[in-house]
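**Q** Next comes the structure file input_21.pdb, holding PDB, C-alpha atoms.
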MODEL        1
ATOM      1  CA  VAL A  81     147.135 156.248 -39.712
ATOM      2  CA  SER A  82     144.455 158.769 -38.753
ATOM      3  CA  SER A  83     140.824 157.927 -38.040
ATOM      4  CA  PHE A  84     139.783 159.851 -41.140
ATOM      5  CA  GLU A  85     142.037 157.740 -43.338
ATOM      6  CA  MET A  86     140.831 154.501 -41.770
ATOM      7  CA  ALA A  87     137.107 155.400 -41.864
ATOM      8  CA  THR A  88     134.967 153.064 -43.892
ATOM      9  CA  GLN A  89     133.788 154.217 -47.280
ATOM     10  CA  GLU A  90     130.744 151.905 -47.279
ATOM     11  CA  LYS A  91     127.281 153.471 -47.195
ATOM     12  CA  SER A  92     126.214 153.749 -43.554
ATOM     13  CA  PRO A  93     122.803 154.135 -41.883
ATOM     14  CA  ILE A  94     123.389 157.828 -41.296
ATOM     15  CA  GLU A  95     123.868 158.392 -45.008
ATOM     16  CA  ASN A  96     120.586 156.604 -45.656
ATOM     17  CA  VAL A  97     118.498 158.587 -43.213
ATOM     18  CA  LYS A  98     120.131 161.946 -42.532
ATOM     19  CA  ASN A  99     118.400 163.652 -45.481
ATOM     20  CA  ARG A 100     114.997 162.016 -45.086
ATOM     21  CA  LYS A 101     111.999 164.222 -44.450
ATOM     22  CA  THR A 102     110.380 161.644 -42.169
ATOM     23  CA  TYR A 103     111.835 159.355 -39.505
ATOM     24  CA  ASN A 104     110.823 156.291 -37.573
ATOM     25  CA  ALA A 105     112.368 154.940 -34.372
ATOM     26  CA  ASP A 106     114.701 152.499 -36.144
ATOM     27  CA  ASP A 107     116.104 155.330 -38.238
ATOM     28  CA  PHE A 108     116.640 157.311 -35.071
ATOM     29  CA  VAL A 109     118.614 154.498 -33.403
ATOM     30  CA  ASP A 110     120.859 154.376 -36.453
ATOM     31  CA  LEU A 111     121.360 158.111 -36.181
ATOM     32  CA  LEU A 112     122.305 157.804 -32.524
ATOM     33  CA  LEU A 113     124.872 155.065 -33.194
ATOM     34  CA  TYR A 114     126.790 156.812 -35.949
ATOM     35  CA  VAL A 115     128.693 160.055 -35.985
ATOM     36  CA  GLU A 116     129.865 161.886 -39.066
ATOM     37  CA  VAL A 117     133.075 163.946 -38.968
ATOM     38  CA  ASN A 118     134.272 165.804 -42.044
ATOM     39  CA  GLY A 119     132.370 163.450 -44.315
ATOM     40  CA  ASN A 120     133.586 160.267 -42.530
ATOM     41  CA  VAL A 121     131.219 158.010 -40.591
ATOM     42  CA  PHE A 122     132.149 156.516 -37.196
ATOM     43  CA  GLY A 123     130.371 154.406 -34.623
ATOM     44  CA  GLY A 124     129.436 156.314 -31.484
ATOM     45  CA  TYR A 125     126.671 158.438 -29.974
ATOM     46  CA  ARG A 126     125.258 161.510 -31.683
ATOM     47  CA  GLN A 127     125.936 164.072 -28.979
ATOM     48  CA  ASP A 128     123.592 166.660 -30.502
ATOM     49  CA  LEU A 129     120.627 164.291 -30.147
ATOM     50  CA  LEU A 130     121.217 163.415 -26.485
ATOM     51  CA  VAL A 131     119.874 165.494 -23.620
ATOM     52  CA  SER A 132     123.015 164.716 -21.561
ATOM     53  CA  PRO A 133     126.072 164.272 -23.875
ATOM     54  CA  LEU A 134     128.210 161.151 -23.369
ATOM     55  CA  ASN A 135     132.015 161.202 -23.615
ATOM     56  CA  VAL A 136     132.230 158.247 -25.953
ATOM     57  CA  VAL A 137     134.210 159.610 -28.880
ATOM     58  CA  GLU A 138     137.650 160.950 -28.042
ATOM     59  CA  LYS A 139     140.481 162.152 -30.251
ATOM     60  CA  GLU A 140     141.368 159.625 -32.958
ATOM     61  CA  PHE A 141     139.901 156.145 -33.421
ATOM     62  CA  PHE A 142     140.094 153.341 -35.888
ATOM     63  CA  VAL A 143     136.869 151.891 -37.283
ATOM     64  CA  CYS A 144     136.486 148.112 -37.201
ATOM     65  CA  HIS A 145     136.046 146.787 -40.711
ATOM     66  CA  GLU A 146     133.612 144.111 -39.474
ATOM     67  CA  CYS A 147     131.317 145.836 -36.963
ATOM     68  CA  LYS A 148     132.120 149.485 -37.711
ATOM     69  CA  GLY A 149     132.775 150.026 -33.986
ATOM     70  CA  LEU A 150     135.346 152.493 -32.672
ATOM     71  CA  MET A 151     138.643 151.269 -31.226
ATOM     72  CA  ARG A 152     141.771 152.915 -29.899
ATOM     73  CA  ASN A 153     144.099 150.385 -31.484
ATOM     74  CA  ALA A 154     143.730 148.100 -34.470
ATOM     75  CA  CYS A 155     144.593 144.645 -33.133
ATOM     76  CA  GLN A 156     144.693 142.965 -36.532
ATOM     77  CA  ILE A 157     145.198 144.073 -40.096
ATOM     78  CA  GLY A 158     143.762 141.774 -42.776
ATOM     79  CA  GLU A 159     145.020 141.073 -46.271
ATOM     80  CA  GLU A 160     143.475 144.315 -47.527
ATOM     81  CA  GLN A 161     145.164 146.277 -44.723
ATOM     82  CA  THR A 162     141.852 146.958 -42.983
ATOM     83  CA  PRO A 163     141.618 147.294 -39.162
ATOM     84  CA  VAL A 164     139.635 144.665 -37.246
ATOM     85  CA  CYS A 165     138.924 144.914 -33.524
ATOM     86  CA  GLU A 166     139.899 142.221 -31.038
ATOM     87  CA  VAL A 167     136.281 141.401 -30.113
ATOM     88  CA  CYS A 168     135.343 140.650 -33.713
ATOM     89  CA  VAL A 169     138.434 138.464 -34.078
ATOM     90  CA  THR A 170     138.022 136.422 -30.875
ATOM     91  CA  GLU A 171     134.417 136.600 -29.655
ATOM     92  CA  GLY A 172     132.274 137.682 -32.610
ATOM     93  CA  VAL A 173     130.252 140.814 -33.186
ATOM     94  CA  SER A 174     127.435 140.119 -30.669
ATOM     95  CA  SER A 175     129.586 140.881 -27.624
ATOM     96  CA  HIS A 176     131.180 143.984 -29.101
ATOM     97  CA  PRO A 177     130.805 147.143 -26.946
ATOM     98  CA  MET A 178     128.940 148.826 -29.783
ATOM     99  CA  MET A 179     126.377 146.017 -29.810
ATOM    100  CA  ARG A 180     126.098 146.273 -26.015
ATOM    101  CA  SER A 181     125.605 150.023 -26.349
ATOM    102  CA  ARG A 182     122.692 149.326 -28.665
ATOM    103  CA  LYS A 183     120.974 147.577 -25.744
ATOM    104  CA  MET A 184     121.512 150.660 -23.581
ATOM    105  CA  ILE A 185     119.918 153.022 -26.077
ATOM    106  CA  PRO A 186     116.199 152.635 -25.182
ATOM    107  CA  GLU A 187     116.717 154.276 -21.772
ATOM    108  CA  LEU A 188     118.890 157.154 -22.965
ATOM    109  CA  GLN A 189     117.362 160.609 -22.583
ATOM    110  CA  THR A 190     117.173 162.152 -26.014
ATOM    111  CA  LYS A 191     115.750 165.046 -27.948
ATOM    112  CA  CYS A 192     113.287 164.794 -30.819
ATOM    113  CA  PRO A 193     115.037 163.833 -34.073
ATOM    114  CA  LEU A 194     113.488 167.004 -35.495
ATOM    115  CA  ALA A 195     114.719 169.310 -32.723
ATOM    116  CA  THR A 196     116.523 171.426 -35.306
ATOM    117  CA  ARG A 197     113.140 172.171 -36.886
ATOM    118  CA  GLY A 198     111.774 173.525 -33.620
ATOM    119  CA  CYS A 199     110.384 170.532 -31.687
ATOM    120  CA  VAL A 200     111.191 170.824 -27.963
ATOM    121  CA  TRP A 201     110.239 167.255 -26.942
ATOM    122  CA  ASN A 202     112.626 165.364 -24.611
ATOM    123  CA  GLY A 203     112.249 161.721 -23.596
ATOM    124  CA  THR A 204     113.738 158.266 -23.718
ATOM    125  CA  VAL A 205     114.735 156.648 -26.990
ATOM    126  CA  CYS A 206     112.061 153.976 -26.515
ATOM    127  CA  GLY A 207     109.473 156.764 -26.609
ATOM    128  CA  VAL A 208     110.690 158.279 -29.887
ATOM    129  CA  GLN A 209     108.315 156.331 -32.141
ATOM    130  CA  GLU A 210     105.278 157.253 -30.035
ATOM    131  CA  HIS A 211     106.340 160.892 -30.129
ATOM    132  CA  LEU A 212     106.970 160.850 -33.883
ATOM    133  CA  ASN A 213     103.383 159.637 -34.386
ATOM    134  CA  VAL A 214     102.178 163.003 -33.081
ATOM    135  CA  CYS A 215     105.201 165.304 -33.526
ATOM    136  CA  GLN A 216     104.100 168.527 -35.193
ATOM    137  CA  GLU A 217     107.389 168.848 -37.084
ATOM    138  CA  VAL A 218     107.099 165.470 -38.841
ATOM    139  CA  VAL A 219     106.431 165.816 -42.553
ATOM    140  CA  VAL A 220     103.230 164.016 -43.601
ATOM    141  CA  LYS A 221     101.170 163.564 -46.723
ATOM    142  CA  CYS A 222      97.783 165.236 -47.112
ATOM    143  CA  LYS A 223      94.948 162.873 -46.142
ATOM    144  CA  ASN A 224      93.044 163.877 -49.279
ATOM    145  CA  THR A 225      95.749 162.452 -51.582
ATOM    146  CA  CYS A 226      96.408 165.828 -53.172
ATOM    147  CA  ASP A 227     100.159 164.966 -53.336
ATOM    148  CA  VAL A 228     101.117 167.807 -50.973
ATOM    149  CA  ILE A 229     103.731 166.982 -48.299
ATOM    150  CA  LEU A 230     104.003 169.339 -45.334
ATOM    151  CA  PRO A 231     104.757 169.458 -41.564
ATOM    152  CA  ARG A 232     101.984 167.972 -39.425
ATOM    153  CA  LYS A 233     101.536 171.335 -37.683
ATOM    154  CA  GLU A 234     100.368 172.835 -40.993
ATOM    155  CA  LEU A 235      98.045 169.957 -41.921
ATOM    156  CA  ASP A 236      94.833 171.277 -40.303
ATOM    157  CA  GLU A 237      95.140 174.651 -42.024
ATOM    158  CA  HIS A 238      95.879 172.902 -45.326
ATOM    159  CA  LEU A 239      92.874 170.572 -45.008
ATOM    160  CA  LYS A 240      90.496 173.401 -44.077
ATOM    161  CA  HIS A 241      91.580 176.164 -46.435
ATOM    162  CA  LEU A 242      94.251 175.154 -48.963
ATOM    163  CA  CYS A 243      93.800 171.569 -50.139
ATOM    164  CA  MET A 244      92.499 171.381 -53.706
ATOM    165  CA  LYS A 245      90.790 168.074 -52.871
ATOM    166  CA  ARG A 246      89.066 169.158 -49.664
ATOM    167  CA  ILE A 247      85.302 168.641 -49.516
ATOM    168  CA  VAL A 248      83.370 171.893 -49.654
ATOM    169  CA  GLU A 249      79.730 172.858 -49.938
ATOM    170  CA  SER A 250      78.365 175.070 -52.663
ATOM    171  CA  ASP A 251      77.248 178.413 -51.218
ATOM    172  CA  HIS A 252      74.230 178.367 -53.514
ATOM    173  CA  CYS A 253      72.775 174.851 -53.728
ATOM    174  CA  HIS A 254      74.635 173.285 -50.739
ATOM    175  CA  PHE A 255      75.866 170.416 -52.920
ATOM    176  CA  SER A 256      79.063 168.778 -51.574
ATOM    177  CA  LEU A 257      82.056 168.383 -53.901
ATOM    178  CA  ILE A 258      85.857 168.733 -53.959
ATOM    179  CA  TYR A 259      87.212 172.263 -54.059
ATOM    180  CA  ARG A 260      89.011 171.993 -57.396
ATOM    181  CA  ASP A 261      85.633 171.290 -59.096
ATOM    182  CA  LEU A 262      83.847 174.198 -57.410
ATOM    183  CA  LEU A 263      84.333 176.789 -60.168
ATOM    184  CA  GLN A 264      83.200 174.272 -62.768
ATOM    185  CA  HIS A 265      80.123 173.585 -60.663
ATOM    186  CA  TYR A 266      79.312 177.285 -60.481
ATOM    187  CA  ASP A 267      79.142 177.344 -64.284
ATOM    188  CA  VAL A 268      76.135 174.996 -64.233
ATOM    189  CA  CYS A 269      74.607 175.387 -60.761
ATOM    190  CA  LEU A 270      70.925 176.325 -61.097
ATOM    191  CA  GLU A 271      70.940 178.239 -57.796
ATOM    192  CA  VAL A 272      73.727 180.660 -58.758
ATOM    193  CA  GLN A 273      72.578 184.278 -58.995
ATOM    194  CA  LEU A 274      73.258 185.786 -62.429
ATOM    195  CA  SER A 275      72.918 189.238 -63.904
ATOM    196  CA  CYS A 276      70.489 189.413 -66.799
ATOM    197  CA  PRO A 277      72.471 189.268 -70.085
ATOM    198  CA  ASN A 278      70.222 192.033 -71.434
ATOM    199  CA  LYS A 279      71.691 194.432 -68.844
ATOM    200  CA  CYS A 280      68.384 195.266 -67.225
ATOM    201  CA  ASP A 281      70.058 195.384 -63.754
ATOM    202  CA  VAL A 282      68.044 192.396 -62.543
ATOM    203  CA  ILE A 283      69.853 189.563 -60.719
ATOM    204  CA  VAL A 284      68.077 186.235 -60.866
ATOM    205  CA  LYS A 285      68.854 182.552 -60.247
ATOM    206  CA  ARG A 286      70.058 180.603 -63.278
ATOM    207  CA  LYS A 287      67.018 178.319 -63.132
ATOM    208  CA  LEU A 288      64.714 181.364 -63.504
ATOM    209  CA  LEU A 289      66.781 183.269 -66.044
ATOM    210  CA  SER A 290      65.085 181.908 -69.182
ATOM    211  CA  SER A 291      61.652 182.681 -67.764
ATOM    212  CA  HIS A 292      62.763 186.204 -66.867
ATOM    213  CA  ILE A 293      64.104 186.855 -70.371
ATOM    214  CA  ASP A 294      61.001 185.408 -72.061
ATOM    215  CA  THR A 295      58.358 187.106 -69.949
ATOM    216  CA  ASP A 296      59.681 189.910 -67.742
ATOM    217  CA  CYS A 297      62.925 191.455 -68.974
ATOM    218  CA  PRO A 298      62.251 195.017 -70.178
ATOM    219  CA  ASN A 299      65.255 194.824 -72.517
ATOM    220  CA  SER A 300      64.265 191.593 -74.267
ATOM    221  CA  VAL A 301      63.551 192.077 -77.969
ATOM    222  CA  VAL A 302      59.939 191.174 -78.754
ATOM    223  CA  GLU A 303      57.596 191.232 -81.737
ATOM    224  CA  CYS A 304      54.562 193.455 -81.997
ATOM    225  CA  PRO A 305      51.497 191.558 -80.741
ATOM    226  CA  TYR A 306      49.743 192.621 -83.981
ATOM    227  CA  ARG A 307      52.306 190.770 -86.069
ATOM    228  CA  LYS A 308      49.705 188.232 -87.224
ATOM    229  CA  PHE A 309      47.643 191.193 -88.417
ATOM    230  CA  GLY A 310      50.522 192.492 -90.506
ATOM    231  CA  CYS A 311      52.752 194.610 -88.174
ATOM    232  CA  GLU A 312      56.330 193.362 -88.491
ATOM    233  CA  GLU A 313      57.965 195.754 -85.999
ATOM    234  CA  VAL A 314      60.347 194.379 -83.315
ATOM    235  CA  MET A 315      61.431 196.354 -80.230
ATOM    236  CA  LYS A 316      62.446 196.092 -76.585
ATOM    237  CA  ARG A 317      59.658 195.018 -74.272
ATOM    238  CA  CYS A 318      59.895 198.354 -72.473
ATOM    239  CA  GLU A 319      59.071 200.105 -75.791
ATOM    240  CA  LEU A 320      56.074 197.945 -76.595
ATOM    241  CA  GLU A 321      53.501 200.071 -74.782
ATOM    242  CA  ASP A 322      54.530 203.242 -76.663
ATOM    243  CA  HIS A 323      54.519 201.339 -79.939
ATOM    244  CA  THR A 324      50.970 200.052 -79.498
ATOM    245  CA  ARG A 325      49.736 203.471 -78.364
ATOM    246  CA  VAL A 326      51.304 205.348 -81.296
ATOM    247  CA  ASN A 327      50.164 202.736 -83.816
ATOM    248  CA  GLU A 328      46.701 202.146 -82.364
ATOM    249  CA  ILE A 329      44.842 203.265 -85.496
ATOM    250  CA  VAL A 330      47.182 201.390 -87.822
ATOM    251  CA  HIS A 331      46.767 198.271 -85.742
ATOM    252  CA  LEU A 332      42.978 198.711 -85.733
ATOM    253  CA  GLN A 333      42.944 199.082 -89.485
ATOM    254  CA  SER A 334      45.181 196.081 -90.016
ATOM    255  CA  THR A 335      43.043 194.077 -87.593
ATOM    256  CA  THR A 336      39.870 195.075 -89.436
ATOM    257  CA  LEU A 337      41.423 194.256 -92.800
ATOM    258  CA  PHE A 338      42.577 190.939 -91.443
ATOM    259  CA  ALA A 339      39.095 190.205 -90.147
ATOM    260  CA  VAL A 340      37.528 191.132 -93.532
ATOM    261  CA  CYS A 341      40.007 188.904 -95.338
ATOM    262  CA  LYS A 342      39.226 186.074 -92.964
ATOM    263  CA  MET A 343      35.484 186.536 -93.485
ATOM    264  CA  GLU A 344      35.956 186.453 -97.246
ATOM    265  CA  GLU A 345      37.998 183.295 -96.922
ATOM    266  CA  MET A 346      35.266 181.769 -94.787
ATOM    267  CA  GLU A 347      32.559 182.728 -97.328
ATOM    268  CA  LYS A 348      34.588 181.115-100.081
ATOM    269  CA  LYS A 349      34.999 177.999 -97.986
ATOM    270  CA  MET A 350      31.263 177.934 -97.240
ATOM    271  CA  GLN A 351      30.444 178.297-100.928
ATOM    272  CA  GLN A 352      32.838 175.503-101.734
ATOM    273  CA  MET A 353      31.261 173.355 -99.044
ATOM    274  CA  GLU A 354      27.748 174.050-100.450
ATOM    275  CA  LYS A 355      28.914 172.974-103.886
ATOM    276  CA  GLU A 356      30.364 169.821-102.409
ATOM    277  CA  ILE A 357      27.094 169.150-100.574
ATOM    278  CA  VAL A 358      25.066 169.593-103.798
ATOM    279  CA  SER A 359      27.445 167.276-105.593
ATOM    280  CA  SER A 360      27.099 164.762-102.796
ATOM    281  CA  ASP A 361      23.283 164.950-103.004
ATOM    282  CA  ILE A 362      23.403 164.284-106.743
ATOM    283  CA  VAL A 363      25.639 161.286-106.204
ATOM    284  CA  ILE A 364      23.323 159.966-103.490
ATOM    285  CA  GLN A 365      20.267 160.336-105.772
ATOM    286  CA  ASP A 366      22.012 158.466-108.544
ATOM    287  CA  LEU A 367      22.909 155.650-106.158
ATOM    288  CA  LYS A 368      19.273 155.407-104.929
ATOM    289  CA  GLN A 369      17.963 155.135-108.490
ATOM    290  CA  LYS A 370      20.450 152.396-109.287
ATOM    291  CA  VAL A 371      19.470 150.518-106.152
ATOM    292  CA  GLN A 372      15.740 150.755-107.051
ATOM    293  CA  GLN A 373      16.357 149.500-110.577
TER     294      GLN A 373
ENDMDL
END
For the file at hand, write its structure as structure tokens.

**A**
Amino acid sequence: VSSFEMATQEKSPIENVKNRKTYNADDFVDLLLYVEVNGNVFGGYRQDLLVSPLNVVEKEFFVCHECKGLMRNACQIGEEQTPVCEVCVTEGVSSHPMMRSRKMIPELQTKCPLATRGCVWNGTVCGVQEHLNVCQEVVVKCKNTCDVILPRKELDEHLKHLCMKRIVESDHCHFSLIYRDLLQHYDVCLEVQLSCPNKCDVIVKRKLLSSHIDTDCPNSVVECPYRKFGCEEVMKRCELEDHTRVNEIVHLQSTTLFAVCKMEEMEKKMQQMEKEIVSSDIVIQDLKQKVQQ
């Protein structure tokens, strides 16, 4: 029976971690202790992860059904025709060579688990976790909780220039906010420079725009200042001077007529007031006579 035929079909540690984007030291130990050949998983050392390869796996082996360790010969076949090593039968799993090899692992010289991604770190297995905490090839989440996952070496650039949740400062009012809200902020920021909507070529801050349109913009539509005297013309502010100059006589006439009308109204009011005064005097006289009687 070949080693491939006798290989366990149970899910092994290497199957659990080989496709992960991130690793910790425990995962790495599992990776070191299992080898995969043509889809079959065996106990042993991962030669590609060691700085100095060990000649542990040779030719064909059986895999112990109990401890998943490698053995040259199956010393016992159970009821289900599965191979069990002699150590597991007589002494228990704790003294198995594979368990002893686990104790040797911390001092083995190894490469970074992410060496295939470009990391050149070498060190002992016991230093893997410390290295992974700073390894630039480890995939990490953005600190701003923007849901982006990327290699640690790209994190600084992401945080400074790409993250949609990075804190930025408005170029206009210096208000701090997250980047994804910046365009929305620009739509209401009072310090943003805007072109006059009347196309007068003036650029002014939003907070001063209304004042500019109401008092200064040459293209704002305005009423003739003699409107209350009867002129109903409307025009651009830049045309107002010509309008008043051309219509000076008309405006003077309408102003005079307005003044005459106002004077007549005032005379009528005065006459009405005199009548009311006379009426009041009569009433007062009548009241005096009644009081005397």

**Q** What residues come out when you apply the PyMOL selection byres ((chain A and resi 230) around 12) to this file, written as a tab-separated table (two decimals) with C-alpha atoms, in the frame of the given file?

**A**
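Below is the file out.tsv, written as the result:
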chain	number	residue	atom	x	y	z
A	101	LYS	CA	112.00	164.22	-44.45
A	102	THR	CA	110.38	161.64	-42.17
A	216	GLN	CA	104.10	168.53	-35.19
A	217	GLU	CA	107.39	168.85	-37.08
A	218	VAL	CA	107.10	165.47	-38.84
A	219	VAL	CA	106.43	165.82	-42.55
A	220	VAL	CA	103.23	164.02	-43.60
A	221	LYS	CA	101.17	163.56	-46.72
A	222	CYS	CA	97.78	165.24	-47.11
A	223	LYS	CA	94.95	162.87	-46.14
A	226	CYS	CA	96.41	165.83	-53.17
A	227	ASP	CA	100.16	164.97	-53.34
A	228	VAL	CA	101.12	167.81	-50.97
A	229	ILE	CA	103.73	166.98	-48.30
A	231	PRO	CA	104.76	169.46	-41.56
A	232	ARG	CA	101.98	167.97	-39.42
A	233	LYS	CA	101.54	171.34	-37.68
A	234	GLU	CA	100.37	172.84	-40.99
A	235	LEU	CA	98.04	169.96	-41.92
A	236	ASP	CA	94.83	171.28	-40.30
A	237	GLU	CA	95.14	174.65	-42.02
A	238	HIS	CA	95.88	172.90	-45.33
A	239	LEU	CA	92.87	170.57	-45.01
A	242	LEU	CA	94.25	175.15	-48.96
A	243	CYS	CA	93.80	171.57	-50.14

**Q** Pick out the closest residue to A:Val314 from this set: A:Cys276, A:Val301, A:Val326, A:Val268. Count only C-alpha atoms.

**A** A:Val301

**Q** Assuming the chain letters and numbering stay as they are in my file, what does the PyMOL selection byres ((chain A and resi 283-294) around 8) actually select? List them as a list in words.

**A** Cys269, Leu270, Glu271, Val272, Gln273, Leu274, Ser275, Cys276, Asp281, Val282, Thr295, Asp296, Cys297 and Ser300 of chain A

**Q** Please, what is the axis-aligned box for every listed atom of stretch 274-289 of chain A with 8 Å on each side, as centre and edge lengths in Å to one decimal, as lines of an AutoDock Vina configuration file?

**A**
center_x = 69.0
center_y = 186.9
center_z = -65.8
size_x = 24.5
size_y = 33.1
size_z = 27.2

**Q** Atom CA of A:Lys348 to atom CA of A:Leu367: how many Å, to one decimal?

**A**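 That distance, rounded to one decimal, is 28.7 Å.
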
**Q** Of the residues A:Cys192, A:Met315, A:Met346, A:Leu257, which is the one nearest to A:Gly207, using all atoms listed in the file?

**A**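 Answer, going by the shortest atom-to-atom distance: A:Cys192.
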
**Q** One number please: atom CA of A:Val208 to atom CA of A:Asn224, in Å, one decimal.

**A**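 Going from atom CA of A:Val208 over to atom CA of A:Asn224, I get 26.8 Å.
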
**Q** In Å, with one decimal, what is the gap from atom CA of A:Gln352 to atom CA of A:Lys368?

**A**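 A separation of 24.5 Å between them.
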